[in-house]
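Raw contents of work-v7.cif, mmCIF, C-alpha atoms:
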data_final
#
loop_
_atom_site.label_atom_id
_atom_site.label_comp_id
_atom_site.auth_asym_id
_atom_site.auth_seq_id
_atom_site.Cartn_x
_atom_site.Cartn_y
_atom_site.Cartn_z
CA MET A 1 40.29 -76.28 -4.89
CA HIS A 2 40.19 -73.96 -7.94
CA VAL A 3 38.30 -70.73 -7.34
CA ARG A 4 37.16 -68.74 -10.38
CA PRO A 5 37.80 -64.98 -10.27
CA PHE A 6 34.75 -62.96 -9.25
CA GLY A 7 35.02 -60.78 -12.39
CA LYS A 8 34.72 -63.86 -14.61
CA ILE A 9 31.68 -65.13 -12.70
CA LEU A 10 30.04 -61.71 -12.93
CA GLY A 11 30.70 -61.64 -16.66
CA GLN A 12 29.05 -65.02 -17.14
CA ILE A 13 26.02 -63.92 -15.12
CA THR A 14 25.75 -60.72 -17.19
CA ASP A 15 25.97 -62.67 -20.47
CA GLY A 16 23.26 -65.03 -19.26
CA LEU A 17 20.96 -62.15 -18.33
CA LEU A 18 21.50 -60.47 -21.71
CA GLN A 19 20.68 -63.69 -23.56
CA ALA A 20 17.53 -64.11 -21.46
CA GLN A 21 16.53 -60.51 -22.16
CA GLN A 22 17.05 -60.98 -25.91
CA GLY A 23 15.02 -64.20 -25.86
CA LEU A 24 12.16 -62.50 -23.99
CA HIS A 25 12.24 -59.53 -26.38
CA HIS A 26 12.06 -61.91 -29.34
CA LEU A 27 9.15 -63.76 -27.72
CA ILE A 28 7.12 -60.60 -27.08
CA TRP A 29 8.13 -58.78 -30.27
CA PRO A 30 9.02 -61.45 -32.86
CA ALA A 31 11.70 -60.32 -35.29
CA SER A 32 10.59 -59.80 -38.88
CA CYS A 33 12.36 -59.59 -42.22
CA MET A 34 13.28 -56.01 -43.04
CA ASN A 35 12.07 -56.53 -46.62
CA CYS A 36 9.01 -58.82 -46.65
CA HIS A 37 8.14 -58.73 -42.90
CA ALA A 38 8.10 -62.53 -42.61
CA SER A 39 9.11 -63.89 -39.23
CA VAL A 40 12.84 -64.53 -38.86
CA SER A 41 14.92 -66.30 -36.25
CA GLN A 42 17.56 -64.66 -34.11
CA ASP A 43 20.19 -66.25 -36.33
CA ASP A 44 18.92 -64.49 -39.49
CA ASN A 45 20.66 -61.24 -40.31
CA LEU A 46 17.94 -58.59 -40.97
CA LEU A 47 16.36 -60.51 -43.88
CA CYS A 48 14.65 -63.88 -44.08
CA LYS A 49 16.33 -66.75 -45.90
CA ASP A 50 14.07 -66.35 -48.97
CA CYS A 51 14.94 -62.66 -49.32
CA TRP A 52 18.64 -63.35 -48.89
CA ARG A 53 18.37 -66.01 -51.61
CA GLU A 54 16.58 -63.59 -53.96
CA LEU A 55 19.02 -60.78 -53.17
CA LEU A 56 22.01 -62.97 -53.98
CA SER A 57 20.39 -64.02 -57.27
CA CYS A 58 19.92 -60.30 -58.16
CA THR A 59 23.50 -59.35 -57.39
CA GLY A 60 25.59 -62.32 -58.50
CA GLY A 61 25.89 -61.93 -62.28
CA ASP A 62 28.49 -60.44 -64.62
CA TYR A 63 27.56 -57.11 -66.18
CA CYS A 64 28.64 -54.72 -68.92
CA PRO A 65 31.00 -52.04 -67.53
CA ALA A 66 29.52 -49.48 -69.95
CA CYS A 67 25.74 -49.85 -69.43
CA GLY A 68 25.55 -52.09 -66.36
CA CYS A 69 23.20 -54.69 -67.89
CA ASP A 70 23.60 -58.43 -67.33
CA VAL A 71 25.95 -59.97 -69.86
CA SER A 72 28.52 -62.75 -70.02
CA ALA A 73 32.09 -61.60 -69.60
CA TYR A 74 32.84 -63.26 -72.95
CA ALA A 75 30.34 -61.00 -74.76
CA ILE A 76 32.12 -57.78 -73.82
CA LEU A 77 34.22 -56.31 -76.63
CA GLU A 78 36.26 -53.12 -76.19
CA GLY A 79 34.59 -52.43 -72.87
CA ALA A 80 30.97 -52.72 -74.02
CA CYS A 81 28.28 -55.34 -74.65
CA PRO A 82 26.34 -55.76 -77.95
CA GLY A 83 23.37 -53.88 -76.48
CA CYS A 84 25.29 -50.61 -76.13
CA TRP A 85 27.77 -50.67 -79.04
CA ASP A 86 25.66 -48.09 -80.90
CA ARG A 87 25.02 -45.93 -77.82
CA SER A 88 27.19 -43.13 -76.50
CA PHE A 89 27.48 -42.68 -72.75
CA LEU A 90 29.06 -39.53 -71.34
CA PHE A 91 30.00 -41.29 -68.11
CA ASP A 92 33.14 -43.40 -68.37
CA GLY A 93 31.77 -46.58 -66.82
CA ILE A 94 29.27 -47.92 -64.32
CA ILE A 95 29.38 -49.86 -61.06
CA ARG A 96 26.24 -51.60 -59.88
CA CYS A 97 25.08 -53.75 -57.00
CA GLY A 98 22.60 -55.79 -59.03
CA VAL A 99 19.57 -56.11 -61.26
CA TYR A 100 16.38 -54.16 -60.57
CA THR A 101 14.12 -57.13 -59.93
CA LYS A 102 12.69 -59.29 -57.14
CA CYS A 103 14.00 -58.51 -53.67
CA LEU A 104 16.44 -55.78 -54.71
CA ALA A 105 13.75 -53.83 -56.61
CA LYS A 106 11.42 -53.96 -53.61
CA MET A 107 14.17 -52.77 -51.28
CA VAL A 108 15.23 -49.92 -53.57
CA LEU A 109 11.61 -48.71 -53.86
CA GLY A 110 11.16 -48.91 -50.11
CA PHE A 111 14.44 -47.08 -49.51
CA LYS A 112 13.21 -44.26 -51.74
CA LYS A 113 9.89 -44.06 -49.88
CA ASP A 114 10.92 -43.31 -46.29
CA ARG A 115 12.26 -46.77 -45.37
CA THR A 116 15.80 -45.57 -44.71
CA GLU A 117 16.37 -48.48 -42.31
CA LEU A 118 16.88 -50.63 -45.42
CA GLY A 119 20.22 -48.86 -45.66
CA HIS A 120 21.50 -51.39 -43.10
CA VAL A 121 21.38 -53.98 -45.90
CA LEU A 122 21.86 -51.79 -48.96
CA GLY A 123 24.78 -49.87 -47.44
CA PRO A 124 27.18 -52.83 -47.10
CA LEU A 125 26.02 -54.08 -50.50
CA VAL A 126 26.89 -50.84 -52.32
CA LYS A 127 30.12 -50.44 -50.36
CA SER A 128 31.24 -53.91 -51.43
CA ALA A 129 30.44 -53.14 -55.08
CA PHE A 130 32.32 -49.83 -54.93
CA GLU A 131 35.42 -51.13 -53.16
CA GLY A 132 35.57 -54.15 -55.46
CA SER A 133 35.55 -52.05 -58.63
CA PRO A 134 38.77 -51.31 -60.57
CA VAL A 135 38.13 -47.55 -60.43
CA HIS A 136 37.70 -47.35 -56.66
CA ALA A 137 41.26 -46.18 -55.97
CA ARG A 138 41.02 -43.40 -58.58
CA VAL A 139 37.84 -41.76 -57.32
CA ASP A 140 38.37 -38.40 -55.63
CA LEU A 141 34.78 -37.32 -55.03
CA LEU A 142 31.34 -38.86 -54.63
CA VAL A 143 28.59 -36.76 -56.22
CA PRO A 144 24.99 -37.75 -55.40
CA VAL A 145 22.52 -37.18 -58.24
CA PRO A 146 20.55 -34.20 -56.85
CA LEU A 147 16.82 -33.89 -56.35
CA HIS A 148 15.04 -30.67 -57.17
CA TRP A 149 14.70 -28.66 -53.95
CA THR A 150 10.89 -29.06 -53.95
CA ARG A 151 11.17 -32.88 -54.02
CA ARG A 152 13.93 -32.79 -51.43
CA LEU A 153 11.70 -30.72 -49.18
CA THR A 154 8.72 -33.08 -49.66
CA ARG A 155 10.68 -36.32 -49.18
CA GLY A 156 12.91 -35.04 -46.43
CA TYR A 157 16.08 -36.63 -47.79
CA ASN A 158 17.91 -37.49 -50.99
CA GLN A 159 18.37 -41.27 -51.21
CA ALA A 160 21.45 -40.82 -53.41
CA HIS A 161 23.10 -38.76 -50.67
CA VAL A 162 22.27 -41.42 -48.07
CA ILE A 163 23.98 -44.02 -50.28
CA ALA A 164 27.00 -41.76 -50.78
CA ARG A 165 27.45 -41.38 -47.01
CA THR A 166 28.05 -45.13 -46.71
CA LEU A 167 30.91 -44.85 -49.23
CA ARG A 168 32.67 -41.79 -47.85
CA GLY A 169 36.27 -42.47 -46.86
CA ALA A 170 39.44 -40.75 -45.74
CA HIS A 171 40.37 -39.85 -49.33
CA THR A 172 36.90 -39.81 -50.90
CA GLY A 173 34.59 -36.99 -49.86
CA ILE A 174 31.07 -36.04 -50.88
CA CYS A 175 30.61 -33.03 -53.13
CA GLY A 176 27.30 -31.18 -53.47
CA ALA A 177 28.34 -28.89 -56.32
CA LEU A 178 26.00 -30.58 -58.81
CA LYS A 179 22.54 -28.99 -58.76
CA ARG A 180 19.23 -29.70 -60.49
CA LYS A 181 18.15 -26.47 -62.16
CA ARG A 182 14.55 -27.38 -62.90
CA ARG A 183 11.95 -29.83 -61.70
CA THR A 184 11.29 -32.59 -64.24
CA PRO A 185 8.64 -35.33 -64.44
CA TYR A 186 9.73 -38.61 -62.87
CA GLN A 187 11.75 -40.60 -65.39
CA PRO A 188 9.75 -43.84 -64.82
CA THR A 189 6.64 -42.00 -66.05
CA VAL A 190 8.32 -41.12 -69.37
CA ALA A 191 7.73 -43.90 -71.88
CA THR A 192 10.52 -43.78 -74.48
CA TYR A 193 14.29 -43.28 -74.44
CA PRO A 194 14.23 -40.14 -76.64
CA ALA A 195 11.59 -38.63 -74.37
CA ARG A 196 13.65 -39.47 -71.28
CA TYR A 197 16.69 -37.74 -72.73
CA ARG A 198 14.60 -34.66 -73.59
CA ASN A 199 13.07 -34.70 -70.12
CA VAL A 200 16.40 -34.17 -68.34
CA LYS A 201 18.28 -32.27 -71.05
CA GLY A 202 19.98 -29.26 -69.48
CA ALA A 203 18.46 -30.01 -66.08
CA PHE A 204 21.79 -30.05 -64.19
CA SER A 205 24.61 -27.60 -63.60
CA VAL A 206 27.70 -27.28 -61.41
CA CYS A 207 27.64 -24.32 -59.03
CA ARG A 208 31.35 -24.50 -58.05
CA GLU A 209 33.52 -25.61 -60.96
CA SER A 210 36.69 -25.46 -58.85
CA ALA A 211 35.28 -28.25 -56.66
CA VAL A 212 35.22 -30.78 -59.51
CA SER A 213 37.83 -29.50 -61.97
CA GLY A 214 40.55 -32.09 -62.63
CA ARG A 215 38.89 -34.64 -60.32
CA CYS A 216 37.77 -38.22 -60.86
CA ILE A 217 34.07 -38.23 -59.96
CA CYS A 218 31.74 -41.06 -59.02
CA LEU A 219 28.07 -40.18 -59.51
CA VAL A 220 25.80 -41.97 -57.03
CA ASP A 221 22.14 -42.84 -57.68
CA ASP A 222 19.62 -45.54 -56.83
CA VAL A 223 18.53 -46.91 -60.25
CA LYS A 224 19.80 -46.64 -63.82
CA THR A 225 17.38 -47.47 -66.65
CA SER A 226 18.05 -45.53 -69.84
CA GLY A 227 21.08 -43.72 -68.45
CA ALA A 228 19.64 -40.33 -69.48
CA THR A 229 19.92 -38.78 -66.01
CA LEU A 230 23.46 -40.06 -65.45
CA ASN A 231 24.42 -38.82 -68.93
CA GLU A 232 23.21 -35.29 -68.24
CA CYS A 233 24.94 -35.24 -64.85
CA ALA A 234 28.19 -36.46 -66.43
CA LYS A 235 27.87 -33.83 -69.15
CA ALA A 236 27.54 -31.02 -66.60
CA LEU A 237 30.48 -32.31 -64.57
CA LYS A 238 32.76 -32.67 -67.60
CA LEU A 239 31.83 -29.19 -68.83
CA ALA A 240 32.95 -27.99 -65.39
CA GLY A 241 36.34 -29.68 -65.89
CA ALA A 242 35.94 -33.12 -64.27
CA LYS A 243 38.67 -35.47 -65.52
CA GLU A 244 36.62 -38.69 -65.37
CA VAL A 245 33.04 -39.45 -64.36
CA TYR A 246 31.84 -42.89 -63.33
CA ALA A 247 28.41 -43.94 -62.10
CA LEU A 248 27.48 -46.12 -59.14
CA VAL A 249 23.92 -47.38 -58.70
CA LEU A 250 22.10 -49.81 -56.45
CA ALA A 251 20.37 -51.46 -59.42
CA VAL A 252 20.17 -51.46 -63.21
CA ALA A 253 16.77 -51.84 -64.88
CA GLY A 254 15.98 -52.48 -68.55
CA GLN A 255 17.65 -55.87 -68.91
CA THR A 256 15.71 -57.07 -71.97
CA LEU A 257 17.12 -56.70 -75.48
CA SER A 258 14.56 -55.82 -78.17
CA GLN A 259 15.90 -55.24 -81.70
CA GLY A 260 19.28 -54.38 -80.25
CA LYS A 261 17.88 -51.90 -77.73
CA ARG A 262 17.41 -52.18 -73.99
CA ILE A 263 13.80 -51.80 -72.91
#

Show me, as structure tokens, the structure contained in the file I just sent.
Amino acid sequence: MHVRPFGKILGQITDGLLQAQQGLHHLIWPASCMNCHASVSQDDNLLCKDCWRELLSCTGGDYCPACGCDVSAYAILEGACPGCWDRSFLFDGIIRCGVYTKCLAKMVLGFKKDRTELGHVLGPLVKSAFEGSPVHARVDLLVPVPLHWTRRLTRGYNQAHVIARTLRGAHTGICGALKRKRRTPYQPTVATYPARYRNVKGAFSVCRESAVSGRCICLVDDVKTSGATLNECAKALKLAGAKEVYALVLAVAGQTLSQGKRI
């Protein structure tokens, strides 16, 4: 007669009890989608099937490596799409997770407004985008776009720094040398591109030039629309001696072309 080892039997009993406990927990406190709060099954991974479908549709397209907007790979000429041929970016390229719409837009807004638990979904998403980019191996430092200290105090955290923490590696550290010198109105409340550029002009500086001099920098932020904030950050970093400056964002807004301009 074959006798099973006691340790194996105990393990099976423990597994059974854990499964029963999880089932009871799910019965008393039904799991909900982290984004839309719809009920989800135990097999769903943090989001419901509809949100996963929307998220994949927001993140699956080709994009311009200069401005980050949706574009066919065949429309890119000399590293830029038709929508940004007449625009000058001070950052050397952009990496994005997806388009600022549908599920991704809702998650990014929630992440900015105290829902840091959404980082469990957004973190792996941004890490995949970063590690899959051609510049990943060249990046020396991650530099979160800074908040003014008054907004940092009110919010309690800088969402760009939270994103950067998910990307930190053995050879890629986080640098806080970039500072916001003055408080500016929120960019989404500023209507036109020229006004957005004026709004953040001269708003950033580097407090320790030696920290960024000669380095390849990756700026980290949540959303890019006009690119004005990223431009000013890149300008400050390059004036401090940074060799290259790239940008990494969760989402890119302003996908529509109107008379050759993104709106």

Mind telling me what the PyMOL selection byres ((chain A and resi 127) around 10) catches here, as number ranges by chain? A: 97, 122-126, 128-132, 163-164, 166-168

Coordinates of box centre and edge lengths for range 146-165 of chain A, 5 Å on every side, axis-aligned, as lines of an AutoDock Vina configuration file:
center_x = 18.1
center_y = -36.3
center_z = -51.8
size_x = 28.7
size_y = 25.4
size_z = 20.7

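Atom pair CA of Thr101 in chain A / CA of Val223 in chain A has a distance of 11.1 Å (rounded to one decimal).
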
Rounded to one decimal place, report the CA of Asn231 in chain A-CA of Thr150 in chain A distance in Å. 22.4 Å

Show me a table, sorted first by chain and then by increasing residue number, of the residues of range 54-140 of chain A having an atom at most 12 Å from range 191-215 of chain A, each with its shortest atom pair and the distance in Å to one decimal, counting only C-alpha atoms and written as CSV.
residue,atom,partner,partner_atom,distance
A:Arg87,CA,A:Tyr193,CA,11.6
A:Phe89,CA,A:Tyr197,CA,11.9
A:Arg138,CA,A:Arg215,CA,9.2
A:Val139,CA,A:Arg215,CA,7.8
A:Asp140,CA,A:Arg215,CA,6.0

Those same residues - C-alpha atoms - I'd like them written as a short mmCIF file (atom, residue, chain, number, x, y, z; two decimals), in the coordinates of the input.
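New file again22.cif:
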data_model
loop_
_atom_site.label_atom_id
_atom_site.label_comp_id
_atom_site.auth_asym_id
_atom_site.auth_seq_id
_atom_site.Cartn_x
_atom_site.Cartn_y
_atom_site.Cartn_z
CA ARG A 87 25.02 -45.93 -77.82
CA PHE A 89 27.48 -42.68 -72.75
CA ARG A 138 41.02 -43.40 -58.58
CA VAL A 139 37.84 -41.76 -57.32
CA ASP A 140 38.37 -38.40 -55.63
#

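Computed from the coordinates, the CA of Cys48 in chain A to CA of Ala31 in chain A distance equals 9.9 Å.
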
Which of these, A:Ile174, A:Leu47, A:Lys243, A:Arg183, has the shortest distance to Arg151 in chain A once you count only C-alpha atoms? A:Arg183

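Among the candidate residues A:Leu142, A:Leu153, A:Ala242, A:Leu90, the one lying nearest to Thr229 in chain A is A:Leu90, with distances computed using all atoms listed in the file.
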
Written as a PDB file with C-alpha atoms, in the frame of the given file, what is the full residue list that the PyMOL selection byres ((chain A and resi 62-69) around 6) yields on the file shown?
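New file part17.pdb:
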ATOM      1  CA  GLY A  61      25.890 -61.930 -62.280  1.00  0.00           C
ATOM      2  CA  ASP A  70      23.600 -58.430 -67.330  1.00  0.00           C
ATOM      3  CA  VAL A  71      25.950 -59.970 -69.860  1.00  0.00           C
ATOM      4  CA  SER A  72      28.520 -62.750 -70.020  1.00  0.00           C
ATOM      5  CA  ALA A  80      30.970 -52.720 -74.020  1.00  0.00           C
ATOM      6  CA  CYS A  81      28.280 -55.340 -74.650  1.00  0.00           C
ATOM      7  CA  GLY A  93      31.770 -46.580 -66.820  1.00  0.00           C
ATOM      8  CA  ILE A  94      29.270 -47.920 -64.320  1.00  0.00           C
ATOM      9  CA  GLN A 255      17.650 -55.870 -68.910  1.00  0.00           C
TER      10      GLN A 255
END

For the point (10.3, -45.3, -46.9) in file coordinates, what residues are within 12 Å, counting only C-alpha atoms? Give the answer as a PyMOL selection string? chain A and resi 34-35+106-119+155-159

Choose the residue, out of A:Cys33, A:Leu141, A:Ala251, A:Cys175, that has the smallest atom-to-atom separation from Cys218 in chain A; count all atoms listed in the file. A:Leu141

Find the residue from A:Leu178, A:Val220, A:Leu147, A:Cys36 that sits nearest to Arg165 in chain A; use only C-alpha atoms when measuring. A:Val220

So what does the PyMOL selection byres ((chain A and resi 180) around 6) actually pick up in this one, as a PDB file with C-alpha atoms, in the frame of the given file?
ATOM      1  CA  PRO A 146      20.550 -34.200 -56.850  1.00  0.00           C
ATOM      2  CA  HIS A 148      15.040 -30.670 -57.170  1.00  0.00           C
ATOM      3  CA  LYS A 179      22.540 -28.990 -58.760  1.00  0.00           C
ATOM      4  CA  LYS A 181      18.150 -26.470 -62.160  1.00  0.00           C
ATOM      5  CA  ARG A 182      14.550 -27.380 -62.900  1.00  0.00           C
ATOM      6  CA  ALA A 203      18.460 -30.010 -66.080  1.00  0.00           C
ATOM      7  CA  PHE A 204      21.790 -30.050 -64.190  1.00  0.00           C
TER       8      PHE A 204
END

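Of the residues under consideration (A:Lys224, A:His161, A:His136, A:His120), A:Lys224 shows the shortest atom-to-atom contact distance to Ala105 in chain A when counting all atoms listed in the file.
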